[in-house]
Each structure stands twice: as C-alpha cells, then as structure tokens.
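Structure first, then comments.
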Amino acid sequence: VTLFRIYLYNTFVAFYKYNKNMITGSYPNLRLRRSRKNDWSRRLIQENSLSSSDFILPIFLIDGKNKKQSIKTMPGVFRYSIDKIGHIVDKAIKNKIPMVALFPYTNSKLKNEIGTEALNEDNLVCRAIQYIKKRYRNEIGIMCDVALDPYTSHGHDGLIKSGYILNDETNEILINQSLLQSEMGCDVLAPSDMMDGRIGKIRKALDKNGYQLVQILSYAVKYASSFYGPFRDAVGSRGLLKGDKKTYQMDFRNSNEALREVALDIKEGADMVMVKPGMPYLDIIKSVKDNFKIPVLAYQVSGEYSLLTNSINKRLIDKNSILESLISFKRAGANAIVSYYADRINEIIL
Ligand code: PBG
C-alpha cells in the first residue's frame with residue numbers, strides 16, 4: 001500500500017511538472033511562424049531589447065595635447081589626450097550613456113616594477129576624472145579600473161616576486177589607488193586585478209575615509225583570456241607582459257569557481273559584479289544572475305570587438321552581428337555592458 005502511495009504521488013508530481021512546463025498546443029493549430037510574419041508582430045513579442053542606458057563607454061587616455069591616436073589592433077577606437085575627451089563625453093551624455101570607464105596609456109618611462117605611477121595624483125586617470133567632474137558634475141558616472149597593469153614595467157596587475165604576483169602586498173597598493181581615485185571624484189571603482197580579499201579591504205578603507213557612497217564594481221569573474229590582446233596594445237602593456245596571468249585570473253575551464261568568486265565579493269561589499277570576457281562566457285553571466293540576483297555587468301572585451309569589427313570590415317559578416325552579440329548579453333541576464341561600440345550605440349540599436 002505504501003509503495004503504491006509513493007507511486008501515485010510521484011506520478012502526480014511528474015504530471016504536474018510536465019503540465020507546468022509544457023508548451024501548449026501542437027501543429028497545425030499552433031504555428032510559431034504566425035507571430036514572426038510581420039515586423040510589428042515580431043516587435044510585439046520580443047523578449048529583450050537594448051537602450052543606451054545599458055552601456056558603459058571605455059575611453060583610452062594618452063598624454064599630450066590635441067591627440068586622437070588610432071589603435072592598430074582596434075579599428076574605430078582611439079586614444080585621446082585629455083583636452084579632446086570633452087567631445088566624447090558630450091556625445092555620451094547626449095546619447096544617455098550612463099557611465100564612462102577610463103583607461104590610461106602610460107608612457108613607458110613612467111612605468112616601473114611596482115607601478116608607482118598608479119599613486120601619482122597627477123597621472124592621466126586622475127587628471128581625466130577631475131576634468132570630467134569639473135565640467136559635467138553628476139551628469140555621467142566615471143568608472144576606473146583598480147589594478148597596476150597600465151603602470152608596471154612587467155605588465156602584471158600586481159607586485160611581482162620571483163615571477164609570482166604577490167597578493168596581500170598588492171592589496172595595500174590597490175587600497176591607496178582606490179582612495180586616490182575616490183578623492184579625485186571617481187564614482188565607481190572597478191578592481192580588475194583578481195587579488196583575493198581586495199574588495200573587503202577597499203570597502204573598509206573607503207568607508208573609513210568618508211567615501212561610503214563610492215561604489216565598487218568588482219571584476220569578480222575575470223578569466224585568463226586571449227581575448228584581451230588588443231586592450232594590452234591600447235594601454236601599451238602588450239610588449240612588456242611575459243607569460244600569462246593564470247596565477248590570478250580564472251581558468252576558463254571553470255564555472256563553479258565563478259560562483260565562489262561572486263559570493264565572496266558580495267560578502268566583502270561589492271555593489272555590482274562583472275563577468276569578463278563576455279560572449280564566450282554567457283553561461284557564467286546567466287548562472288551568476290540566477291544564483292545571486294544582483295547587478296551583473298558583461299564586458300565585451302577588446303578581442304571580441306576587434307574580431308567583429310574586422311570581420312565586418314572584410315565583409316565576412318554584416319554589421320547586424322554587433323546588435324546580435326550585444327543582445328546575447330541581455331538574454332543571458334546582464335544589466336549593462338561595457339563595450340567599445342558604446343560611442344556608436346544609437347546607430348546600432350535603431
Ligand atoms: C587590466 C584590464 C584588462 C582589461 C581590462 N582591465 C586586461 C588584462 O587583464 O590583461 C581587458 C579589457 C579588454 O580586453 O577590452 N586589469
């Protein structure tokens with residue numbers, strides 16, 4: 001009798017689940033192509049869309065005056081001297097882009113083993129933050145990377161000893177870099193270095209120094225990836241970097257580990273988390289979103305940008321591929337996307 005009861009119960013549960021998930025109807029009553037026939041109808045049932053508020057625009061900075069320098073490996077992306085960024089920011093505000101991300105191309109003469117330039121209050125990023133804040137106040141957010149790679153002579157994100165990137169020692173510098181950028185007016189600090197424990201330490205230091213409202217966007221899930229190649233060109237660290245970043249960035253074979261990274265960073269005080277690169281890691285975006293229900297950002301990195309752009313320029317694929325790639329982040333659950341297309345987004349999402 002008990003066995004029979006269990007059998008009945010299981011049958012009921014199975015039937016209930018089946019019905020709940022079942023797509024009702026069947027061909028020929030049901031024809032999914034009906035709603036695809038016209039453009040208005042397709043628009044009516046579309047599940048995802050993009051607006052310019054979903055984008056963060058990266059800006060590469062270079063020293064000097066009146067400079068707009070092309071980046072060989074990133075067609076359509078430029079390095080700007082600070083006096084030229086007004087144009088870019090004007091346009092971003094007009095297009096309702098909520099935030100820019102600043103990345104410096106640091107003169108190699110200013111680089112050393114310990115990345116001292118990161119703590120120079122007159123460095124490119126500090127000057128750019130002040131320039132933008134003075135002109136635009138809170139009309140647009142400013143996000144800055146917290147990491148040492150644009151400033152070190154070896155191109156790594158932290159201090160190095162016998163070939164190994166030191167964790168706790170690096171954190172001490174990242175704390176100071178965070179405080180400096182906050183003092184300059186940075187709104188969102190984005191630690192992209194993948195040191196353990198840095199989010200908690202940075203949050204604590206910010207709070208202690210009166211920066212309770214400076215946000216932290218943790219690059220919580222950052223893979224050791226080949227897709228960063230063009231970016232390293234853009235910030236001038238490519239030729240310097242020996243080896244790889246596998247002792248601190250994540251192994252691309254792992255996904256459970258991504259959830260552990262995110263869980264830790266939330267506990268330590270991250271307001272938002274980033275998954276990076278983007279398109280090869282849509283599964284990670286989705287599982288982070290499903291598991292934690294927090295703001296998740298995707299970074300469509302330089303390699304993704306250049307692959308798409310070069311293929312479009314060579315007419316291997318058409319330019320709608322850009323929209324398709326960007327929508328995929330939305331479908332996966334991303335709240336916003338860092339993209340080098342953000343300055344042209346209004347032509348893309350028409
Ligand atoms: C530096 C940093 C990198 C990117 C953003 N911040 C490169 C790296 O970790 O080597 C990559 C962005 C891109 O490829 O567009 N910590």
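Ligands are numbered from 1 in the order shown, chains are lettered A, B, ... in the order of the structure tokens, and residues start at 1 in each chain.
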Contact table chain A vs ligand 1, cut-off 6 Å, shortest pair per residue, only C-alpha atoms and all ligand atoms, as a tab-separated table:
residue	atom	partner	partner_atom_place_in_ligand_line	distance
A:Ala147	CA	ligand 1	16 (N)	5.4
A:Asp149	CA	ligand 1	1 (C)	5.8
A:Asp157	CA	ligand 1	16 (N)	5.8
A:Ser192	CA	ligand 1	16 (N)	4.7
A:Asp193	CA	ligand 1	16 (N)	5.2
A:Phe227	CA	ligand 1	14 (O)	6.0
A:Tyr228	CA	ligand 1	14 (O)	3.4
A:Phe231	CA	ligand 1	14 (O)	4.4
A:Val301	CA	ligand 1	15 (O)	3.5
A:Ser302	CA	ligand 1	15 (O)	3.6
Next item on the list: Check the DSSP output for the backbone and give back, as a PyMOL selection string, the residues of segment 23-204 of chain A in strand (DSSP E or B).
Entry: chain A and resi 55-61+68-70+78-80+99-104+112+141-146+152+160-161+164-165+188-191
Next item on the list: For Ser321 of chain A, work out the shell of residues within 10 Å, counting only C-alpha atoms and skipping chain neighbours fewer than 2 positions away, then give it as a VMD selection string.
Entry: chain A and resid 308 to 309 311 to 312 317 to 319 323 to 327 348
Would you save the residues of that selection, restricted to all heavy atoms, as a compact mmCIF listing (two decimals), in the first residue's frame?
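As a result, again.txt now contains:
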# COMPACT_ATOMS: atom_id res chain seq x y z
N LEU A 308 34.84 41.09 -34.34
CA LEU A 308 33.61 41.52 -35.02
C LEU A 308 33.91 42.61 -36.04
O LEU A 308 33.52 42.52 -37.20
CB LEU A 308 32.60 42.07 -34.00
CG LEU A 308 31.72 41.06 -33.28
CD1 LEU A 308 30.95 41.75 -32.16
CD2 LEU A 308 30.74 40.41 -34.25
N THR A 309 34.63 43.63 -35.59
CA THR A 309 34.87 44.78 -36.46
C THR A 309 35.66 44.39 -37.70
O THR A 309 35.33 44.79 -38.82
CB THR A 309 35.59 45.90 -35.67
OG1 THR A 309 34.81 46.21 -34.53
CG2 THR A 309 35.77 47.15 -36.52
N SER A 311 35.84 41.45 -39.08
CA SER A 311 35.02 40.60 -39.94
C SER A 311 34.00 41.41 -40.72
O SER A 311 33.72 41.11 -41.88
CB SER A 311 34.29 39.54 -39.12
OG SER A 311 35.20 38.83 -38.35
N ILE A 312 33.47 42.44 -40.07
CA ILE A 312 32.52 43.32 -40.77
C ILE A 312 33.25 44.11 -41.85
O ILE A 312 32.80 44.20 -43.00
CB ILE A 312 31.80 44.25 -39.78
CG1 ILE A 312 30.91 43.43 -38.83
CG2 ILE A 312 30.98 45.31 -40.50
CD1 ILE A 312 30.48 44.17 -37.59
N ILE A 317 30.96 39.03 -42.42
CA ILE A 317 29.62 39.05 -41.82
C ILE A 317 29.09 40.47 -41.88
O ILE A 317 29.87 41.42 -42.07
CB ILE A 317 29.61 38.55 -40.34
CG1 ILE A 317 30.60 39.36 -39.49
CG2 ILE A 317 29.95 37.07 -40.26
CD1 ILE A 317 30.60 38.97 -38.02
N ASP A 318 27.77 40.66 -41.72
CA ASP A 318 27.26 42.04 -41.82
C ASP A 318 27.19 42.70 -40.45
O ASP A 318 27.38 42.06 -39.42
CB ASP A 318 25.90 42.07 -42.54
CG ASP A 318 24.81 41.44 -41.71
OD1 ASP A 318 24.60 41.89 -40.56
OD2 ASP A 318 24.17 40.49 -42.20
N LYS A 319 26.92 44.00 -40.46
CA LYS A 319 27.08 44.74 -39.21
C LYS A 319 25.97 44.50 -38.18
O LYS A 319 26.10 44.91 -37.03
CB LYS A 319 27.27 46.24 -39.48
CG LYS A 319 26.12 46.97 -40.13
CD LYS A 319 26.55 48.43 -40.24
CE LYS A 319 25.54 49.41 -40.75
NZ LYS A 319 24.24 49.00 -41.23
N LEU A 323 24.68 44.06 -33.05
CA LEU A 323 23.46 44.04 -32.25
C LEU A 323 23.19 42.63 -31.70
O LEU A 323 22.85 42.46 -30.53
CB LEU A 323 22.27 44.52 -33.09
CG LEU A 323 20.91 44.51 -32.38
CD1 LEU A 323 20.90 45.45 -31.20
CD2 LEU A 323 19.80 44.87 -33.36
N GLU A 324 23.38 41.66 -32.56
CA GLU A 324 23.14 40.26 -32.15
C GLU A 324 24.03 39.89 -30.96
O GLU A 324 23.58 39.27 -29.99
CB GLU A 324 23.39 39.34 -33.35
CG GLU A 324 22.98 37.91 -33.13
CD GLU A 324 23.21 37.06 -34.40
OE1 GLU A 324 23.17 37.61 -35.52
OE2 GLU A 324 23.43 35.85 -34.23
N SER A 325 25.30 40.29 -31.05
CA SER A 325 26.22 39.95 -29.95
C SER A 325 25.82 40.69 -28.67
O SER A 325 25.88 40.14 -27.57
CB SER A 325 27.66 40.27 -30.34
OG SER A 325 27.88 41.66 -30.38
N LEU A 326 25.38 41.94 -28.81
CA LEU A 326 25.03 42.73 -27.62
C LEU A 326 23.75 42.22 -26.95
O LEU A 326 23.65 42.18 -25.72
CB LEU A 326 24.91 44.21 -27.98
CG LEU A 326 26.23 44.87 -28.45
CD1 LEU A 326 25.98 46.26 -29.00
CD2 LEU A 326 27.25 44.92 -27.31
N ILE A 327 22.78 41.85 -27.79
CA ILE A 327 21.53 41.31 -27.23
C ILE A 327 21.80 40.01 -26.47
O ILE A 327 21.13 39.71 -25.48
CB ILE A 327 20.50 41.07 -28.36
CG1 ILE A 327 19.90 42.40 -28.83
CG2 ILE A 327 19.40 40.11 -27.91
CD1 ILE A 327 18.76 42.92 -27.98
N ILE A 348 23.48 51.53 -33.74
CA ILE A 348 23.43 50.07 -33.69
C ILE A 348 22.08 49.55 -33.22
O ILE A 348 21.58 48.55 -33.74
CB ILE A 348 24.57 49.54 -32.78
CG1 ILE A 348 25.93 49.84 -33.42
CG2 ILE A 348 24.43 48.04 -32.52
CD1 ILE A 348 27.12 49.65 -32.51
Checklist line | Contacts of segment 257-265 of chain A at 7 Å (only C-alpha atoms; same-chain gap of 2+ positions) as a PyMOL selection string | finding: chain A and resi 199+220-221+254-255+267-270+288
Margin query: as an MDAnalysis selection string, please: the residues near segment 58-72 of chain A (cut-off 6 Å, only C-alpha atoms, same-chain neighbours under 3 positions excluded).
Written below: chainID A and resid 78:81 100:105
Produce a file of the selected residues containing N, CA, C and O atoms, as an mmCIF file, in the first residue's frame.
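Result saved to result-v1.cif:
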data_model
loop_
_atom_site.group_PDB
_atom_site.id
_atom_site.type_symbol
_atom_site.label_atom_id
_atom_site.label_comp_id
_atom_site.auth_asym_id
_atom_site.auth_seq_id
_atom_site.Cartn_x
_atom_site.Cartn_y
_atom_site.Cartn_z
ATOM 1 N N PHE A 78 40.082 54.880 -30.394
ATOM 2 C CA PHE A 78 41.200 55.819 -30.367
ATOM 3 C C PHE A 78 41.669 56.096 -28.947
ATOM 4 O O PHE A 78 40.935 55.879 -27.992
ATOM 5 N N ARG A 79 42.908 56.585 -28.878
ATOM 6 C CA ARG A 79 43.385 57.146 -27.605
ATOM 7 C C ARG A 79 43.262 58.663 -27.723
ATOM 8 O O ARG A 79 43.625 59.232 -28.743
ATOM 9 N N TYR A 80 42.777 59.288 -26.654
ATOM 10 C CA TYR A 80 42.587 60.737 -26.686
ATOM 11 C C TYR A 80 43.418 61.430 -25.613
ATOM 12 O O TYR A 80 43.535 60.925 -24.491
ATOM 13 N N SER A 81 43.949 62.606 -25.964
ATOM 14 C CA SER A 81 44.532 63.434 -24.908
ATOM 15 C C SER A 81 43.370 64.073 -24.149
ATOM 16 O O SER A 81 42.261 64.201 -24.683
ATOM 17 N N VAL A 100 31.250 56.377 -18.170
ATOM 18 C CA VAL A 100 32.454 56.108 -18.958
ATOM 19 C C VAL A 100 33.465 55.372 -18.078
ATOM 20 O O VAL A 100 33.429 55.485 -16.856
ATOM 21 N N ALA A 101 34.343 54.600 -18.712
ATOM 22 C CA ALA A 101 35.410 53.891 -17.996
ATOM 23 C C ALA A 101 36.736 54.403 -18.534
ATOM 24 O O ALA A 101 36.939 54.432 -19.750
ATOM 25 N N LEU A 102 37.614 54.823 -17.633
ATOM 26 C CA LEU A 102 38.868 55.447 -18.063
ATOM 27 C C LEU A 102 40.039 54.476 -18.004
ATOM 28 O O LEU A 102 40.248 53.807 -16.987
ATOM 29 N N PHE A 103 40.802 54.411 -19.103
ATOM 30 C CA PHE A 103 41.990 53.560 -19.162
ATOM 31 C C PHE A 103 43.178 54.352 -19.710
ATOM 32 O O PHE A 103 43.076 54.945 -20.780
ATOM 33 N N PRO A 104 44.281 54.357 -18.998
ATOM 34 C CA PRO A 104 45.423 55.170 -19.429
ATOM 35 C C PRO A 104 46.448 54.399 -20.273
ATOM 36 O O PRO A 104 46.756 53.239 -19.994
ATOM 37 N N TYR A 105 46.957 55.073 -21.312
ATOM 38 C CA TYR A 105 48.161 54.581 -21.988
ATOM 39 C C TYR A 105 49.311 55.320 -21.314
ATOM 40 O O TYR A 105 49.484 56.530 -21.510
#
Check: If we count only C-alpha atoms, what is near Gly278 of chain A at a cut-off of 9 Å, once residues fewer than 6 positions away on the same chain are taken out, given as a list in words?
Finding: Ile285, Ala298, Tyr299, Gln300, Val301, Glu304, Phe329 and Ile337 of chain A
Proximity of segment 217-334 of chain A to segment 186-191 of chain A: per-residue shortest pair, 12 Å limit, only C-alpha atoms, as a Markdown table:
| residue | atom | partner | partner_atom | distance |
| --- | --- | --- | --- | --- |
| A:Leu217 | CA | A:Ala190 | CA | 4.7 |
| A:Ser218 | CA | A:Ala190 | CA | 5.4 |
| A:Tyr219 | CA | A:Pro191 | CA | 5.9 |
| A:Ala220 | CA | A:Pro191 | CA | 8.4 |
| A:Val221 | CA | A:Pro191 | CA | 11.0 |
| A:Lys222 | CA | A:Pro191 | CA | 10.5 |
| A:Asp265 | CA | A:Pro191 | CA | 10.8 |
| A:Ala270 | CA | A:Ala190 | CA | 9.6 |
| A:Asp271 | CA | A:Val188 | CA | 9.4 |
| A:Met272 | CA | A:Ala190 | CA | 9.3 |
| A:Val273 | CA | A:Ala190 | CA | 9.0 |
| A:Met274 | CA | A:Ala190 | CA | 8.9 |
| A:Val275 | CA | A:Ala190 | CA | 12.0 |
| A:Leu297 | CA | A:Ala190 | CA | 11.4 |
Checklist line | DSSP-assigned alpha helix (DSSP H) among segment 93-224 of chain A, expressed as a ChimeraX atom specification | finding: /A:93-94,124-136,168-184,198-208
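Distances from A:Thr247, A:Ser26, A:Asn291, A:Asn320 to Tyr164 of chain A were compared using only C-alpha atoms, and the smallest one belongs to A:Thr247.
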Notebook entry, point to check: Hey, which of A:Ile345, A:Ile175, A:Ile266, A:Leu124 ends up closest to Asp83 of chain A? Count only C-alpha atoms.
Noted result: A:Leu124
Note to self: I'd like the interatomic distance between atom CA of Thr152 of chain A and atom CA of Ile88 of chain A, to a tenth of an Å.
What the structure shows: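 One can read the atom CA of Thr152 of chain A to atom CA of Ile88 of chain A distance as 27.8 Å.
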Check: Between atom CA of Thr106 of chain A and atom CA of Asn123 of chain A, what is the spacing in Å?
Finding: 8.7 Å
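Of the listed residues A:Lys111, A:Arg33, A:Lys161, A:Arg135, the one whose atoms come nearest to Ile93 of chain A is A:Arg135, with distances taken using only C-alpha atoms.
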Item checked: Polymer residues at most 9 Å from Gln212 of chain A, only C-alpha atoms, same-chain spacing of 5 or more positions, as a PyMOL selection string -> chain A and resi 203+206-207
Quick one: write out the picked residues with N, CA, C and O atoms as an mmCIF file, in the first residue's frame?
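Once everything was written out, this is selection_35.cif:
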data_model
loop_
_atom_site.group_PDB
_atom_site.id
_atom_site.type_symbol
_atom_site.label_atom_id
_atom_site.label_comp_id
_atom_site.auth_asym_id
_atom_site.auth_seq_id
_atom_site.Cartn_x
_atom_site.Cartn_y
_atom_site.Cartn_z
ATOM 1 N N ARG A 203 36.669 48.320 0.461
ATOM 2 C CA ARG A 203 35.414 48.838 1.042
ATOM 3 C C ARG A 203 35.674 49.441 2.422
ATOM 4 O O ARG A 203 35.194 50.519 2.745
ATOM 5 N N LEU A 206 37.569 52.710 2.121
ATOM 6 C CA LEU A 206 36.698 53.774 1.593
ATOM 7 C C LEU A 206 35.806 54.313 2.710
ATOM 8 O O LEU A 206 35.683 55.521 2.911
ATOM 9 N N ASP A 207 35.181 53.394 3.443
ATOM 10 C CA ASP A 207 34.247 53.808 4.492
ATOM 11 C C ASP A 207 34.953 54.610 5.586
ATOM 12 O O ASP A 207 34.422 55.589 6.089
#
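If you measure from each of A:Asp122, A:Asp39, A:Asp168, A:Asp233 to Gly197 of chain A using only C-alpha atoms, the closest one turns out to be A:Asp168.
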Notebook entry, point to check: How many Å lie between atom CA of Ile322 of chain A and atom CA of Ala342 of chain A, rounded to one decimal?
Noted result: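 The value is 11.0 Å.
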